[in-house]
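See below for coords_30.cif, which holds mmCIF, C-alpha atoms.
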```cif
data_start
loop_
_atom_site.label_atom_id
_atom_site.label_comp_id
_atom_site.auth_asym_id
_atom_site.auth_seq_id
_atom_site.Cartn_x
_atom_site.Cartn_y
_atom_site.Cartn_z
CA MET S 1 -12.52 1.69 -17.34
CA VAL S 2 -11.36 4.73 -19.34
CA ARG S 3 -8.09 4.64 -21.23
CA THR S 4 -7.06 8.23 -20.79
CA GLY S 5 -5.43 10.24 -23.51
CA GLU S 6 -6.53 7.83 -26.23
CA GLY S 7 -10.28 8.36 -26.37
CA HIS S 8 -11.02 4.63 -25.96
CA ALA S 9 -12.69 2.57 -23.28
CA THR S 10 -12.26 -1.05 -22.33
CA ALA S 11 -15.35 -3.23 -22.81
CA SER S 12 -16.99 -4.36 -19.61
CA VAL S 13 -19.99 -6.65 -19.67
CA THR S 14 -22.85 -6.41 -17.19
CA GLY S 15 -25.90 -8.52 -17.81
CA GLY S 16 -24.65 -9.22 -21.34
CA THR S 17 -24.45 -5.52 -22.25
CA ALA S 18 -21.12 -3.89 -23.07
CA ILE S 19 -20.63 -0.57 -21.27
CA ASP S 20 -18.75 2.23 -22.99
CA TYR S 21 -17.31 3.96 -19.95
CA ALA S 22 -15.74 6.73 -22.03
CA ALA S 23 -19.19 7.63 -23.35
CA VAL S 24 -20.64 7.56 -19.83
CA PHE S 25 -17.88 9.87 -18.58
CA ALA S 26 -18.35 12.24 -21.51
CA LEU S 27 -22.10 12.57 -20.92
CA MET S 28 -22.07 12.90 -17.13
CA PRO S 29 -23.94 16.12 -16.21
CA THR S 30 -21.38 16.90 -13.47
CA PRO S 31 -18.24 18.75 -14.66
CA LEU S 32 -15.40 16.20 -14.47
CA LEU S 33 -11.71 16.39 -15.28
CA LEU S 34 -9.20 13.54 -15.04
CA LEU S 35 -5.62 14.24 -13.97
CA ALA S 36 -2.53 12.06 -14.19
CA PRO S 37 -0.34 11.96 -11.04
CA ASP S 38 2.01 14.45 -12.72
CA LEU S 39 -1.04 16.80 -12.95
CA ARG S 40 -1.44 16.54 -16.72
CA ILE S 41 -5.04 16.76 -17.89
CA VAL S 42 -5.77 13.44 -19.57
CA GLU S 43 -9.55 13.63 -20.03
CA VAL S 44 -12.37 16.09 -19.59
CA ASN S 45 -16.10 15.77 -20.10
CA ARG S 46 -18.53 18.02 -21.94
CA ALA S 47 -20.03 19.49 -18.76
CA TYR S 48 -16.58 20.63 -17.62
CA LEU S 49 -15.87 22.31 -20.94
CA GLU S 50 -19.22 24.10 -20.75
CA ALA S 51 -18.65 25.22 -17.14
CA THR S 52 -15.17 26.63 -17.85
CA ARG S 53 -15.87 27.82 -21.43
CA ARG S 54 -12.76 26.01 -22.68
CA THR S 55 -12.07 23.57 -25.52
CA ARG S 56 -10.49 20.11 -25.38
CA ASP S 57 -7.51 21.33 -27.37
CA GLU S 58 -6.85 23.99 -24.74
CA LEU S 59 -6.79 21.44 -21.92
CA ILE S 60 -5.83 17.89 -22.91
CA GLY S 61 -2.15 17.11 -22.28
CA ARG S 62 -1.44 20.31 -20.36
CA ASN S 63 -0.52 20.70 -16.70
CA VAL S 64 -3.72 21.76 -14.94
CA PHE S 65 -2.05 24.81 -13.38
CA GLU S 66 -0.72 25.91 -16.76
CA ALA S 67 -4.17 25.49 -18.28
CA PHE S 68 -5.69 27.40 -15.36
CA PRO S 69 -3.07 29.92 -14.17
CA PRO S 70 -3.83 32.44 -11.42
CA ASN S 71 -5.31 35.76 -12.46
CA PRO S 72 -2.43 38.30 -12.40
CA ALA S 73 -4.97 41.08 -11.86
CA ASP S 74 -5.98 39.51 -8.54
CA PRO S 75 -2.71 38.89 -6.64
CA ALA S 76 -4.61 38.36 -3.38
CA SER S 77 -6.32 35.25 -4.75
CA ARG S 78 -5.11 31.93 -3.33
CA GLY S 79 -7.27 29.70 -5.51
CA ASP S 80 -4.33 27.99 -7.23
CA GLU S 81 -2.52 27.44 -3.91
CA VAL S 82 -5.59 25.90 -2.30
CA MET S 83 -6.19 23.66 -5.31
CA ARG S 84 -2.55 22.54 -5.49
CA ALA S 85 -2.58 21.70 -1.79
CA SER S 86 -5.72 19.60 -2.26
CA VAL S 87 -4.19 17.57 -5.09
CA GLU S 88 -1.01 17.05 -3.09
CA ARG S 89 -3.04 15.77 -0.14
CA VAL S 90 -4.79 13.26 -2.40
CA LEU S 91 -1.44 11.97 -3.72
CA ALA S 92 0.07 11.86 -0.22
CA THR S 93 -2.83 10.22 1.63
CA GLY S 94 -4.71 8.34 -1.08
CA GLU S 95 -7.93 9.84 0.29
CA ARG S 96 -10.59 12.03 -1.28
CA ASP S 97 -10.17 15.75 -0.58
CA THR S 98 -12.79 18.51 -0.68
CA VAL S 99 -12.15 22.18 -1.41
CA ALA S 100 -14.75 24.59 -0.06
CA VAL S 101 -15.96 27.55 -2.10
CA GLN S 102 -13.01 29.44 -3.58
CA ARG S 103 -12.58 32.21 -6.11
CA TYR S 104 -10.36 30.92 -8.91
CA ASP S 105 -10.77 33.08 -12.01
CA ILE S 106 -10.48 31.28 -15.35
CA PRO S 107 -8.85 32.44 -18.59
CA VAL S 108 -11.21 33.59 -21.31
CA SER S 109 -10.85 31.29 -24.30
CA GLY S 110 -9.29 33.05 -27.29
CA SER S 111 -8.40 36.17 -25.28
CA PRO S 112 -4.85 35.85 -23.87
CA GLY S 113 -4.40 37.65 -20.55
CA LEU S 114 -8.14 38.10 -19.99
CA PHE S 115 -9.83 36.34 -17.05
CA GLU S 116 -13.40 36.05 -15.83
CA GLU S 117 -14.65 35.76 -12.27
CA PHE S 118 -15.22 32.14 -11.27
CA TRP S 119 -16.29 30.65 -7.93
CA SER S 120 -16.37 26.92 -7.35
CA SER S 121 -16.15 24.05 -4.91
CA VAL S 122 -14.18 20.94 -5.83
CA ILE S 123 -13.85 17.30 -4.82
CA ASN S 124 -10.61 15.53 -5.80
CA THR S 125 -10.86 11.73 -5.70
CA PRO S 126 -8.01 9.24 -6.21
CA VAL S 127 -8.59 6.51 -8.82
CA ARG S 128 -6.35 3.48 -8.35
CA GLY S 129 -4.99 1.25 -11.08
CA PRO S 130 -4.73 -2.56 -11.05
CA ASP S 131 -1.51 -2.34 -9.03
CA GLY S 132 -3.22 -0.38 -6.27
CA GLU S 133 -1.31 2.81 -6.97
CA ILE S 134 -3.03 6.10 -7.80
CA ALA S 135 -3.39 6.17 -11.58
CA TRP S 136 -5.56 9.29 -11.88
CA ILE S 137 -7.26 11.98 -9.86
CA LEU S 138 -10.92 12.62 -10.64
CA HIS S 139 -11.55 16.35 -10.28
CA ARG S 140 -15.25 17.12 -9.74
CA LEU S 141 -16.23 20.76 -10.13
CA LYS S 142 -19.30 22.64 -8.91
CA ASP S 143 -19.65 26.11 -10.42
CA VAL S 144 -21.27 28.45 -7.89
CA THR S 145 -20.40 31.74 -9.62
CA ALA S 146 -24.02 32.56 -10.40
CA ILE S 147 -25.04 31.95 -6.78
CA VAL S 148 -22.30 34.21 -5.42
CA ARG S 149 -23.08 36.96 -7.95
CA SER S 150 -26.80 36.80 -7.28
CA SER S 151 -26.31 36.98 -3.52
CA ARG S 152 -23.83 39.83 -3.90
CA LEU S 153 -26.17 41.86 -6.12
CA ARG S 154 -29.06 41.35 -3.73
CA CYS S 155 -26.91 42.49 -0.82
CA GLU S 156 -25.65 45.49 -2.80
CA ARG S 157 -29.21 46.61 -3.48
CA GLU S 158 -30.16 46.22 0.16
CA ARG S 159 -27.08 47.61 1.91
CA GLY S 160 -24.54 48.77 -0.69
CA ASN S 161 -21.53 47.04 0.88
CA ASP S 162 -20.34 44.76 -1.90
CA ARG S 163 -17.09 43.43 -0.39
CA GLN S 164 -18.58 42.51 2.95
CA ASP S 165 -21.71 41.06 1.38
CA GLU S 166 -19.68 38.98 -1.07
CA ALA S 167 -17.93 37.42 1.91
CA VAL S 168 -21.29 36.77 3.57
CA ALA S 169 -22.66 35.12 0.42
CA VAL S 170 -19.63 32.86 0.10
CA GLU S 171 -19.71 32.02 3.81
CA LEU S 172 -23.38 31.05 3.65
CA TYR S 173 -22.82 28.80 0.66
CA ALA S 174 -19.71 27.28 2.24
CA GLY S 175 -21.81 26.57 5.32
CA ALA S 176 -24.35 24.74 3.18
CA LEU S 177 -21.58 22.66 1.67
CA GLU S 178 -20.27 21.84 5.13
CA VAL S 179 -23.71 20.61 6.18
CA GLN S 180 -23.82 18.43 3.06
CA ARG S 181 -20.34 17.06 3.82
CA LEU S 182 -21.34 16.26 7.41
CA ASN S 183 -24.47 14.50 6.16
CA GLU S 184 -22.32 12.36 3.85
CA GLN S 185 -20.00 11.52 6.75
CA LEU S 186 -23.00 10.62 8.91
CA HIS S 187 -24.30 8.31 6.19
CA GLU S 188 -20.89 6.63 5.91
CA ALA S 189 -20.69 6.26 9.69
CA ARG S 190 -24.13 4.66 9.75
CA GLU S 191 -23.04 2.23 7.06
CA ASP S 192 -19.93 1.33 9.07
CA LEU S 193 -22.04 0.89 12.20
CA ARG S 194 -24.58 -1.26 10.37
CA ALA S 195 -21.79 -3.48 9.02
CA ALA S 196 -20.17 -3.78 12.45
CA LEU S 197 -23.45 -4.65 14.16
CA ALA S 198 -24.37 -7.12 11.44
CA SER S 199 -20.96 -8.78 11.87
CA ARG S 200 -21.52 -9.07 15.62
CA SER S 201 -24.93 -10.59 14.97
CA VAL S 202 -23.43 -13.32 12.76
CA ILE S 203 -20.70 -14.07 15.29
CA ALA S 204 -23.34 -14.32 18.03
CA GLN S 205 -25.26 -16.84 15.91
CA ALA S 206 -22.13 -18.93 15.44
CA VAL S 207 -21.38 -18.80 19.18
CA GLY S 208 -24.93 -19.96 19.90
CA ILE S 209 -24.48 -22.93 17.56
CA LEU S 210 -21.21 -23.92 19.28
CA MET S 211 -22.83 -23.56 22.72
CA GLY S 212 -25.53 -26.01 21.69
CA ARG S 213 -23.18 -28.52 20.08
CA GLN S 214 -20.42 -28.38 22.66
CA ARG S 215 -22.78 -27.87 25.63
CA CYS S 216 -20.62 -25.05 26.93
CA ALA S 217 -20.90 -21.45 28.12
CA ALA S 218 -20.78 -18.49 25.75
CA GLY S 219 -17.22 -17.57 26.77
CA VAL S 220 -15.95 -21.07 26.03
CA ALA S 221 -17.78 -21.16 22.69
CA PHE S 222 -16.29 -17.81 21.69
CA ALA S 223 -12.80 -19.05 22.66
CA ILE S 224 -13.31 -22.14 20.46
CA LEU S 225 -14.42 -19.91 17.56
CA SER S 226 -11.45 -17.56 18.01
CA ARG S 227 -8.94 -20.44 18.14
CA ALA S 228 -10.40 -21.99 14.99
CA SER S 229 -10.21 -18.59 13.28
CA GLN S 230 -6.50 -18.31 14.12
CA ASN S 231 -5.71 -21.88 13.12
CA ARG S 232 -7.39 -21.46 9.74
CA ASN S 233 -6.06 -17.90 9.24
CA LEU S 234 -9.63 -16.83 8.62
CA LYS S 235 -11.40 -13.71 9.85
CA LEU S 236 -13.71 -14.34 12.77
CA HIS S 237 -16.69 -12.93 10.86
CA ASP S 238 -15.98 -15.09 7.79
CA LEU S 239 -15.68 -18.24 9.90
CA ALA S 240 -18.94 -17.38 11.67
CA VAL S 241 -20.68 -16.96 8.30
CA GLU S 242 -19.31 -20.35 7.21
CA ILE S 243 -20.61 -22.09 10.36
CA VAL S 244 -24.06 -20.48 10.27
CA THR S 245 -24.43 -21.21 6.54
CA ALA S 246 -23.37 -24.86 6.99
CA VAL S 247 -25.88 -25.40 9.79
CA GLY S 248 -28.77 -23.37 8.39
CA GLY S 249 -28.29 -24.23 4.73
CA HIS S 250 -28.32 -20.55 3.70
CA PRO S 251 -26.34 -17.37 4.42
CA PRO S 252 -27.03 -15.88 7.86
CA ASP S 253 -29.67 -13.27 8.46
CA PRO S 254 -27.91 -9.98 9.33
CA GLY S 255 -30.54 -9.37 11.98
CA PRO S 256 -32.41 -6.19 12.91
CA PHE S 257 -29.50 -3.90 12.09
CA GLU S 258 -30.38 -3.85 8.41
CA SER S 259 -32.85 -1.07 9.23
CA LEU S 260 -29.90 1.25 9.84
CA ALA S 261 -28.97 1.26 6.16
#
```

I need this file expressed as structure tokens, please.
Amino acid sequence: MVRTGEGHATASVTGGTAIDYAAVFALMPTPLLLLAPDLRIVEVNRAYLEATRRTRDELIGRNVFEAFPPNPADPASRGDEVMRASVERVLATGERDTVAVQRYDIPVSGSPGLFEEFWSSVINTPVRGPDGEIAWILHRLKDVTAIVRSSRLRCERERGNDRQDEAVAVELYAGALEVQRLNEQLHEAREDLRAALASRSVIAQAVGILMGRQRCAAGVAFAILSRASQNRNLKLHDLAVEIVTAVGGHPPDPGPFESLA
């Protein structure tokens, strides 16, 4: 667990080895920035500094939209509005929010008023504290400027229509990101389905045990299980696991649904 703004990390022990989470964060190859709920930048890793060509002193302790103001030379840009809306959604819903490819030019370090072209996609993830409230927002950046420029130059050479081809390049990359996002959602859905089916399998095992012991039909056995669950204020799945474990001497087999993982 990182103590933001202080440069320290709490010691956590796994397998007898203390983990320095601040060091792990600092060395992550993905550009990461940590925001407080008031949008102050409280931590940033090396990859983020390299991607944005900024220094820690230019970022730490500053409001993220002061550290990265909109480019006054590009009044049509909505990068800051889109990013602000994403952060506000995270704070309002407590859910992760993804920003598709956007142009959000960044200030050139040491050159006030000068900006450089910058395209990126972003994932903003809430990080909750011990009290369950959002303590930080983890801002994960993917710099796609080189991809957009390369695609634009290739299109310019082939057709000479830079503005239209820039839009095509961005749209293609955004489409790729959407496919990736849908794949992640599919994986999560499969995990939820696997868990649900495994739960049903355990409950079915418990019902079978009750049918044998009470010499009753499946409906009656399930009613007995449900009533016991209510009386003990215990989830049906947890009670089923308890029964199957007590009878079998070991935790229940989740059944054939494990192959869905």

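Reported to one decimal place, the separation of CA of Gly208 (chain S) from CA of Val220 (chain S) is 10.9 Å.
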
Taking the file as I've supplied it (selection: the PyMOL selection byres ((chain S and resi 58) around 10)), which residues are included? Please answer as a PyMOL selection string. chain S and resi 49+54-57+59-62+67+109-110

Select, from S:Thr245, S:Thr30, S:Asn63, S:Ser151, the residue with the minimum atom-to-atom distance to Tyr48 (chain S), counting only C-alpha atoms. S:Thr30

Given the file shown, determine the residues that the PyMOL selection byres ((chain S and resi 136) around 9) selects; report them as a list in words. Leu34, Leu35, Ala36, Pro37, Leu39, Val42, Thr125, Pro126, Val127, Arg128, Gly129, Ile134, Ala135, Ile137 and Leu138 of chain S

Within 9 Å of (-17.8, -15.5, 11.7), only C-alpha atoms: residues as a PyMOL selection string? chain S and resi 199-200+202-207+225+229+234-244

Please compute the CA of Gly249 (chain S)-CA of Leu210 (chain S) distance, one decimal, in Å.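 Rounded to one decimal, the two atoms are 16.2 Å apart.
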
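The interatomic distance for the pair CA of Leu91 (chain S) and CA of Phe68 (chain S) works out to 19.8 Å.
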
Between S:His139, S:Arg149, S:Arg96, S:Arg103, single out the one closest to Leu32 (chain S), counting all atoms listed in the file.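 With all atoms listed in the file as the atom set, the closest residue is S:His139.
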
Please provide the set of residues having any atom within 10 Å of Val108 (chain S), restricted to only C-alpha atoms, with same-chain residues fewer than 6 positions apart removed, written as an MDAnalysis selection string. chainID S and resid 52:54 114:117

Let me know the centre plus edge lengths, in Å and rounded to one decimal, of a box with edges along x, y and z that contains all listed atoms of region 204-215 of chain S and is padded by 3 Å on every side, as AutoDock Vina command-line options.
```
--center_x -23.0 --center_y -21.4 --center_z 20.5 --size_x 11.1 --size_y 20.2 --size_z 16.2
```

From the list S:Val64, S:Val247, S:Ala22, S:Ile106, the nearest residue to Arg46 (chain S) using all atoms listed in the file is S:Ala22

Can you work out which one of S:Ala18, S:Ala73, S:Asn231, S:Val87 has the shortest atom-to-atom distance to Asp38 (chain S), counting all atoms listed in the file? S:Val87

Which residues, written as number ranges by chain, have at least one atom at most 12 Å from Pro75 (chain S), with all atoms listed in the file counted and residues fewer than 5 positions away on the same chain left out? S: 69-70, 80-81, 103-105

Would you mind telling me which residue in S:Ile209, S:Ala92, S:Val99, S:Val144 lies nearest to Ser120 (chain S) when using all atoms listed in the file? S:Val144

Given the choices S:Val82, S:Ala26, S:Cys216, S:Ala51, which gets closest to Asp143 (chain S) if the distance is worked out from all atoms listed in the file? S:Ala51
